[in-house]
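All remarks here apply to the structure that follows.
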Amino acid sequence: MTESLLRLTGISKSFAGVRALQGVDLIIEDGKIHCLVGENGCGKSTLIKIIAGVYTRDSGVVEIKGKEVEQIHPIDAIREGIQVIYQDFSLFPNLTVAENIALNEELAEGRRLVNWRNVKQIASEALAQIDVKIPLDALVEDVSVANKQLIAIAKALRRNAQLIIMDEPTSALTEREVRTLFKVIRGLQERRGIAFLFVSHKLNEVLEISETIIVMRNGKIVSSGGRSEYDNTRLIFEMTGHTISENAYEFAPDMSQPSLLRVEGLSARDVLFDISFDMWAGEIVGVTGLLGSGRTELALALYGMLPITDGRIYMENKPVRIASVQDAIEQRVGYVPEDRLTEGLFLEQTIARNTVVRIVDELRGSLGLTDRRQVNAQVNEWVSALRIKTSDPELPVKTLSGGNQQRVVLAKWLASKPRLMILNGPTMGVDVGSKDELHAMMKKLASEGMGLLVISDDIPELLQTCNRILLMRHGRIVEQIWAHETNENELSAKLMED
Ligand SMILES: Nc1ncnc2c1ncn2[C@@H]1O[C@H](COP(=O)(O)OP(=O)(O)OP(=O)(O)O)[C@@H](O)[C@H]1O
Ligand SMILES: [Mg+2]
């Protein structure tokens with residue numbers, strides 16, 4: 001019989017008037033894989049932080065292995081075998097892989113002199129347990145996101161984890177890396193009986209890996225049960241309270257007209273080779289490929305963040321030079337980066353300020369004063385158009401949930417009305433219900449004449465939003481695919497080919 005490792009009863013938590021959790025009951029069973037799903041802002045991360053002892057609950061009971069725990073401190077959670085892997089992985093970037101995995105232990109045991117032989121030994125054993133190979137001497141800052149995550153798991157194992165909690169572990173991973181992660185998770189469950197709780201917005205992954213599913217809505221658990229009780233439709237329904245169906249975006253550009261963007265023989269040293277394509281106003285063109293295929297580099301080159309070594313760019317038939325971000329902005333090219341947390345926002349600043357930061361000059365009147373009313377109107381318009389979940393736009397962006405922060409990045413760019421909008425992983429970390437709304441918004445903007453270049457490896461997303469998809473491999477465009485002529489399986493197979 002499986003026992004409960006962790007039992008939460010009636011957990012509530014508010015932040016300055018926002019009721020993030022309201023009477024949550026949750027049981028985590030020994031050795032099982034649990035998935036926690038729900039719309040952006042429904043309280044998933046808050047719940048995890050309470051389990052980890054990062055936040056203090058306002059009320060409710062927590063029992064770990066049948067023992068009631070008054071106050072959880074992060075260190076107690078760790079001692080009880082509960083390990084949370086956060087999105088920043090809490091690793092030391094300037095230490096090596098081996099040091100990150102092993103050092104804590106060496107230091108914790110109070111040995112002043114670190115035995116370096118031992119460090120490598122410990123680290124290599126830990127990695128062997130999850131059956132992955134990562135160079136032990138590499139600096140953590142130089143390894144991929146996927147490997148950082150595996151390092152964090154290896155580290156958790158060193159501390160005898162019995163429950164590993166991961167908040168959106170797959171959102172920054174490519175398809176292939178997700179496979180590796182799932183193999184590791186299953187292996188640890190089978191061989192070591194480790195339980196997992198993880199959050200994901202990708203329902204196909206949830207249905208693939210979970211044994212128990214827990215659905216949250218507005219701070220409450222609305223449904224939970226065994227995997228076999230759920231399918232995609234039911235999950236969406238439980239999360240959102242309604243069903244959704246999305247239509248593909250069909251658009252046939254008038255190729256006799258000048259294109260919005262023409263790229264000719266574009267190359268960037270070692271990463272992009274001879275890239276040529278046209279895209280027309282009103283199009284949503286997808287760019288897909290595996291990590292290292294050059295998909296992000298192409299975006300960076302078009303946005304002036306990666307030096308072009310050869311080739312030309314035209315916009316509406318005029319040759320343009322995009323050698324800096326300033327040049328790109330002058331050409332009215334916008335870019336929403338992949339990593340919203342480090343590149344996209346001023347976290348300490350208000351939601352309102354982040355939303356209008358690109359257009360404050362425009363909103364400034366002839367006397368150089370910004371019209372508050374106009375600013376507020378703009379802010380409110382975007383907050384409601386993108387359904388940013390906040391009680392007050394004057395709160396700092398960091399008070400928003402992950403998916404809502406992503407919406408602020410979008411709002412900031414959309415408010416500046418670019419001609420060409422480059423979106424890198426536009427709905428990464430956004431829940432399915434809202435994804436659908438963001439897709440609808442992208443289609444609306446395109447139908448009003450904006451060109452959107454969408455970089456993504458989310459196959460359903462590409463098929464639902466793009467009329468055309470460019471497939472990249474090793475820095476080259478290898479194929480152009482019309483969305484209405486392909487399907488999920490075919491596109492997925494093409495993406496995985498190397
Ligand atoms: N430190 C904080 N201060 C104020 N409000 C907060 C804070 N942390 C979370 N909230 C609010 O609590 C609610 C739940 O947020 P939480 O981050 O738990 O959502 P989530 O389910 O993880 O969403 P997502 O899928 O977008 O990551 C949101 O309304 C959020 O704005
Ligand atoms: Mg979250």
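Within each chain, counting starts at residue 1; across the structure tokens, chains are named A, B, ... in the order shown, with ligands numbered 1 upward in that order.
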Near-Met442 of chain A list (12 Å; only C-alpha atoms; drop same-chain fewer than 6 positions) as an NGL selection string: :A and (248-249 or 282-285 or 385-386 or 410-411 or 414 or 420-423 or 426-427 or 435-436 or 448-454 or 461-462 or 464-466)
For the selection you just gave me, I'd like the residues written to a file as a PDB file, in the first residue's frame, keeping C-alpha atoms.
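Saved the output as result.pdb:
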ATOM      1  CA  ALA A 248      -5.975  27.162 -37.519  1.00  0.00           C
ATOM      2  CA  TYR A 249      -4.855  30.463 -39.036  1.00  0.00           C
ATOM      3  CA  GLY A 282      -0.710  39.695 -42.125  1.00  0.00           C
ATOM      4  CA  GLU A 283       1.309  36.509 -41.962  1.00  0.00           C
ATOM      5  CA  ILE A 284       2.192  34.507 -38.911  1.00  0.00           C
ATOM      6  CA  VAL A 285       5.305  32.611 -39.858  1.00  0.00           C
ATOM      7  CA  ALA A 385      -6.976  42.648 -23.385  1.00  0.00           C
ATOM      8  CA  LEU A 386      -4.373  40.189 -22.152  1.00  0.00           C
ATOM      9  CA  LEU A 410       3.711  40.838 -24.596  1.00  0.00           C
ATOM     10  CA  ALA A 411       1.685  43.899 -23.589  1.00  0.00           C
ATOM     11  CA  LEU A 414       2.121  45.109 -28.510  1.00  0.00           C
ATOM     12  CA  LEU A 420       7.119  43.035 -37.406  1.00  0.00           C
ATOM     13  CA  MET A 421       6.851  41.245 -34.119  1.00  0.00           C
ATOM     14  CA  ILE A 422       9.247  38.441 -33.304  1.00  0.00           C
ATOM     15  CA  LEU A 423       7.965  36.190 -30.552  1.00  0.00           C
ATOM     16  CA  PRO A 426       5.298  33.321 -26.929  1.00  0.00           C
ATOM     17  CA  THR A 427       3.203  31.118 -24.685  1.00  0.00           C
ATOM     18  CA  LYS A 435      -2.844  30.218 -24.616  1.00  0.00           C
ATOM     19  CA  ASP A 436      -5.927  30.071 -26.695  1.00  0.00           C
ATOM     20  CA  GLU A 448      -4.821  43.989 -38.832  1.00  0.00           C
ATOM     21  CA  GLY A 449      -1.600  43.911 -40.838  1.00  0.00           C
ATOM     22  CA  MET A 450       1.175  43.078 -38.423  1.00  0.00           C
ATOM     23  CA  GLY A 451       3.682  40.420 -39.433  1.00  0.00           C
ATOM     24  CA  LEU A 452       4.472  37.921 -36.710  1.00  0.00           C
ATOM     25  CA  LEU A 453       7.471  35.653 -36.644  1.00  0.00           C
ATOM     26  CA  VAL A 454       6.859  32.970 -34.053  1.00  0.00           C
ATOM     27  CA  GLU A 461       0.919  26.024 -31.168  1.00  0.00           C
ATOM     28  CA  LEU A 462       2.669  26.287 -34.530  1.00  0.00           C
ATOM     29  CA  GLN A 464      -2.838  26.645 -34.663  1.00  0.00           C
ATOM     30  CA  THR A 465      -1.259  30.033 -35.164  1.00  0.00           C
ATOM     31  CA  CYS A 466       0.990  29.977 -38.216  1.00  0.00           C
TER      32      CYS A 466
END
With a cut-off of 6 Å, could you pull out the residues of chain A touching ligand 2 and give me the nearest pair of atoms for each, distance in Å to one decimal, using only C-alpha atoms and all ligand atoms, ordered by chain and ascending number, as a Markdown table?
| residue | atom | partner | partner_atom_place_in_ligand_line | distance |
| --- | --- | --- | --- | --- |
| A:Lys44 | CA | ligand 2 | 1 (Mg) | 5.6 |
| A:Ser45 | CA | ligand 2 | 1 (Mg) | 4.2 |
| A:Ser401 | CA | ligand 2 | 1 (Mg) | 5.3 |
| A:Gly402 | CA | ligand 2 | 1 (Mg) | 4.9 |
Just to be explicit: take each residue in the selection above, keep C-alpha atoms, and write the result as a PDB file, in the first residue's frame.
ATOM      1  CA  LYS A  44       0.453  26.434  -7.968  1.00  0.00           C
ATOM      2  CA  SER A  45       3.761  28.119  -7.203  1.00  0.00           C
ATOM      3  CA  SER A 401       2.441  34.693 -11.308  1.00  0.00           C
ATOM      4  CA  GLY A 402       4.870  33.424 -13.965  1.00  0.00           C
TER       5      GLY A 402
END
Using only C-alpha atoms and all ligand atoms, determine which residues fall within 7 Å of ligand 1, then list them as a PDB file with N, CA and C atoms, in the first residue's frame.
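Output saved as selection29.pdb:
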ATOM      1  N   PHE A  15      -2.036  37.279  -0.036  1.00  0.00           N
ATOM      2  CA  PHE A  15      -1.015  38.326  -0.161  1.00  0.00           C
ATOM      3  C   PHE A  15      -1.758  39.636  -0.288  1.00  0.00           C
ATOM      4  N   ALA A  16      -1.559  40.517   0.627  1.00  0.00           N
ATOM      5  CA  ALA A  16      -2.147  41.859   0.544  1.00  0.00           C
ATOM      6  C   ALA A  16      -3.480  41.861  -0.201  1.00  0.00           C
ATOM      7  N   VAL A  18      -4.958  39.524  -1.904  1.00  0.00           N
ATOM      8  CA  VAL A  18      -5.171  38.489  -2.918  1.00  0.00           C
ATOM      9  C   VAL A  18      -5.223  37.141  -2.215  1.00  0.00           C
ATOM     10  N   ARG A  19      -6.346  36.432  -2.388  1.00  0.00           N
ATOM     11  CA  ARG A  19      -6.436  35.114  -1.757  1.00  0.00           C
ATOM     12  C   ARG A  19      -5.845  34.082  -2.703  1.00  0.00           C
ATOM     13  N   ALA A  20      -4.568  33.793  -2.514  1.00  0.00           N
ATOM     14  CA  ALA A  20      -3.863  32.907  -3.443  1.00  0.00           C
ATOM     15  C   ALA A  20      -4.266  31.446  -3.241  1.00  0.00           C
ATOM     16  N   GLY A  38      -3.194  23.911 -13.716  1.00  0.00           N
ATOM     17  CA  GLY A  38      -4.159  24.979 -13.474  1.00  0.00           C
ATOM     18  C   GLY A  38      -3.734  26.241 -14.200  1.00  0.00           C
ATOM     19  N   GLU A  39      -4.692  27.138 -14.369  1.00  0.00           N
ATOM     20  CA  GLU A  39      -4.433  28.364 -15.110  1.00  0.00           C
ATOM     21  C   GLU A  39      -3.415  29.253 -14.413  1.00  0.00           C
ATOM     22  N   ASN A  40      -2.881  30.194 -15.161  1.00  0.00           N
ATOM     23  CA  ASN A  40      -1.913  31.137 -14.598  1.00  0.00           C
ATOM     24  C   ASN A  40      -2.526  31.882 -13.423  1.00  0.00           C
ATOM     25  N   GLY A  41      -1.786  31.907 -12.338  1.00  0.00           N
ATOM     26  CA  GLY A  41      -2.244  32.666 -11.181  1.00  0.00           C
ATOM     27  C   GLY A  41      -3.198  31.898 -10.277  1.00  0.00           C
ATOM     28  N   CYS A  42      -3.395  30.590 -10.514  1.00  0.00           N
ATOM     29  CA  CYS A  42      -4.358  29.855  -9.689  1.00  0.00           C
ATOM     30  C   CYS A  42      -3.756  29.424  -8.354  1.00  0.00           C
ATOM     31  N   GLY A  43      -2.435  29.564  -8.207  1.00  0.00           N
ATOM     32  CA  GLY A  43      -1.835  29.296  -6.890  1.00  0.00           C
ATOM     33  C   GLY A  43      -0.846  28.140  -6.817  1.00  0.00           C
ATOM     34  N   LYS A  44      -0.436  27.603  -7.960  1.00  0.00           N
ATOM     35  CA  LYS A  44       0.453  26.434  -7.968  1.00  0.00           C
ATOM     36  C   LYS A  44       1.807  26.725  -7.304  1.00  0.00           C
ATOM     37  N   SER A  45       2.439  27.799  -7.759  1.00  0.00           N
ATOM     38  CA  SER A  45       3.761  28.119  -7.203  1.00  0.00           C
ATOM     39  C   SER A  45       3.660  28.467  -5.725  1.00  0.00           C
ATOM     40  N   THR A  46       2.596  29.130  -5.349  1.00  0.00           N
ATOM     41  CA  THR A  46       2.407  29.486  -3.939  1.00  0.00           C
ATOM     42  C   THR A  46       2.314  28.218  -3.083  1.00  0.00           C
ATOM     43  N   LEU A  47       1.569  27.244  -3.577  1.00  0.00           N
ATOM     44  CA  LEU A  47       1.419  25.989  -2.847  1.00  0.00           C
ATOM     45  C   LEU A  47       2.782  25.305  -2.658  1.00  0.00           C
ATOM     46  N   LYS A 389      -3.733  39.020 -14.601  1.00  0.00           N
ATOM     47  CA  LYS A 389      -4.444  38.827 -13.344  1.00  0.00           C
ATOM     48  C   LYS A 389      -3.772  39.605 -12.208  1.00  0.00           C
ATOM     49  N   THR A 390      -4.312  40.791 -11.951  1.00  0.00           N
ATOM     50  CA  THR A 390      -3.771  41.594 -10.857  1.00  0.00           C
ATOM     51  C   THR A 390      -4.892  42.408 -10.234  1.00  0.00           C
ATOM     52  N   THR A 399       5.047  40.597  -8.294  1.00  0.00           N
ATOM     53  CA  THR A 399       3.937  40.004  -7.541  1.00  0.00           C
ATOM     54  C   THR A 399       3.035  39.157  -8.437  1.00  0.00           C
ATOM     55  N   LEU A 400       3.277  39.208  -9.746  1.00  0.00           N
ATOM     56  CA  LEU A 400       2.440  38.410 -10.662  1.00  0.00           C
ATOM     57  C   LEU A 400       2.929  36.981 -10.730  1.00  0.00           C
ATOM     58  N   SER A 401       2.029  36.077 -11.084  1.00  0.00           N
ATOM     59  CA  SER A 401       2.441  34.693 -11.308  1.00  0.00           C
ATOM     60  C   SER A 401       3.252  34.659 -12.597  1.00  0.00           C
ATOM     61  N   GLY A 402       3.987  33.544 -12.805  1.00  0.00           N
ATOM     62  CA  GLY A 402       4.870  33.424 -13.965  1.00  0.00           C
ATOM     63  C   GLY A 402       4.179  33.734 -15.290  1.00  0.00           C
ATOM     64  N   GLY A 403       3.049  33.108 -15.505  1.00  0.00           N
ATOM     65  CA  GLY A 403       2.353  33.276 -16.785  1.00  0.00           C
ATOM     66  C   GLY A 403       1.845  34.698 -16.978  1.00  0.00           C
ATOM     67  N   ASN A 404       1.525  35.357 -15.882  1.00  0.00           N
ATOM     68  CA  ASN A 404       1.054  36.737 -15.995  1.00  0.00           C
ATOM     69  C   ASN A 404       2.201  37.704 -16.258  1.00  0.00           C
ATOM     70  N   GLY A 429       4.963  28.695 -20.630  1.00  0.00           N
ATOM     71  CA  GLY A 429       4.531  28.969 -19.260  1.00  0.00           C
ATOM     72  C   GLY A 429       3.140  29.564 -19.150  1.00  0.00           C
ATOM     73  N   VAL A 430       2.416  29.613 -20.276  1.00  0.00           N
ATOM     74  CA  VAL A 430       1.059  30.152 -20.231  1.00  0.00           C
ATOM     75  C   VAL A 430       0.089  28.963 -20.235  1.00  0.00           C
ATOM     76  N   ASP A 431      -0.957  29.038 -19.416  1.00  0.00           N
ATOM     77  CA  ASP A 431      -1.869  27.902 -19.325  1.00  0.00           C
ATOM     78  C   ASP A 431      -2.691  27.728 -20.597  1.00  0.00           C
TER      79      ASP A 431
END
Can you check which residues of segment 116-259 of chain A DSSP gives as helix (DSSP H, G or I) on the backbone and send them as a PyMOL selection string? chain A and resi 116-129+140-142+145-158+175-192+203-209+227-229+232-240
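Rounded to one decimal, atom CA of Gly23 of chain A and atom CA of Thr56 of chain A lie 14.3 Å from each other.
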Separation of atom CA of Thr350 of chain A from atom CA of Phe89 of chain A, in Å and rounded to one decimal: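 Interatomic distance here is 26.0 Å.
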Which residues, written as a PyMOL selection string, have at least one atom at most 12 Å from Val37 of chain A, with only C-alpha atoms counted and residues fewer than 6 positions away on the same chain left out? chain A and resi 43-45+47+167-168+197-207+210+212-224+232+235-240+429-433
Provide the atom CA of Ile313 of chain A to atom CA of Arg262 of chain A distance in Å, to one decimal place. 5.7 Å
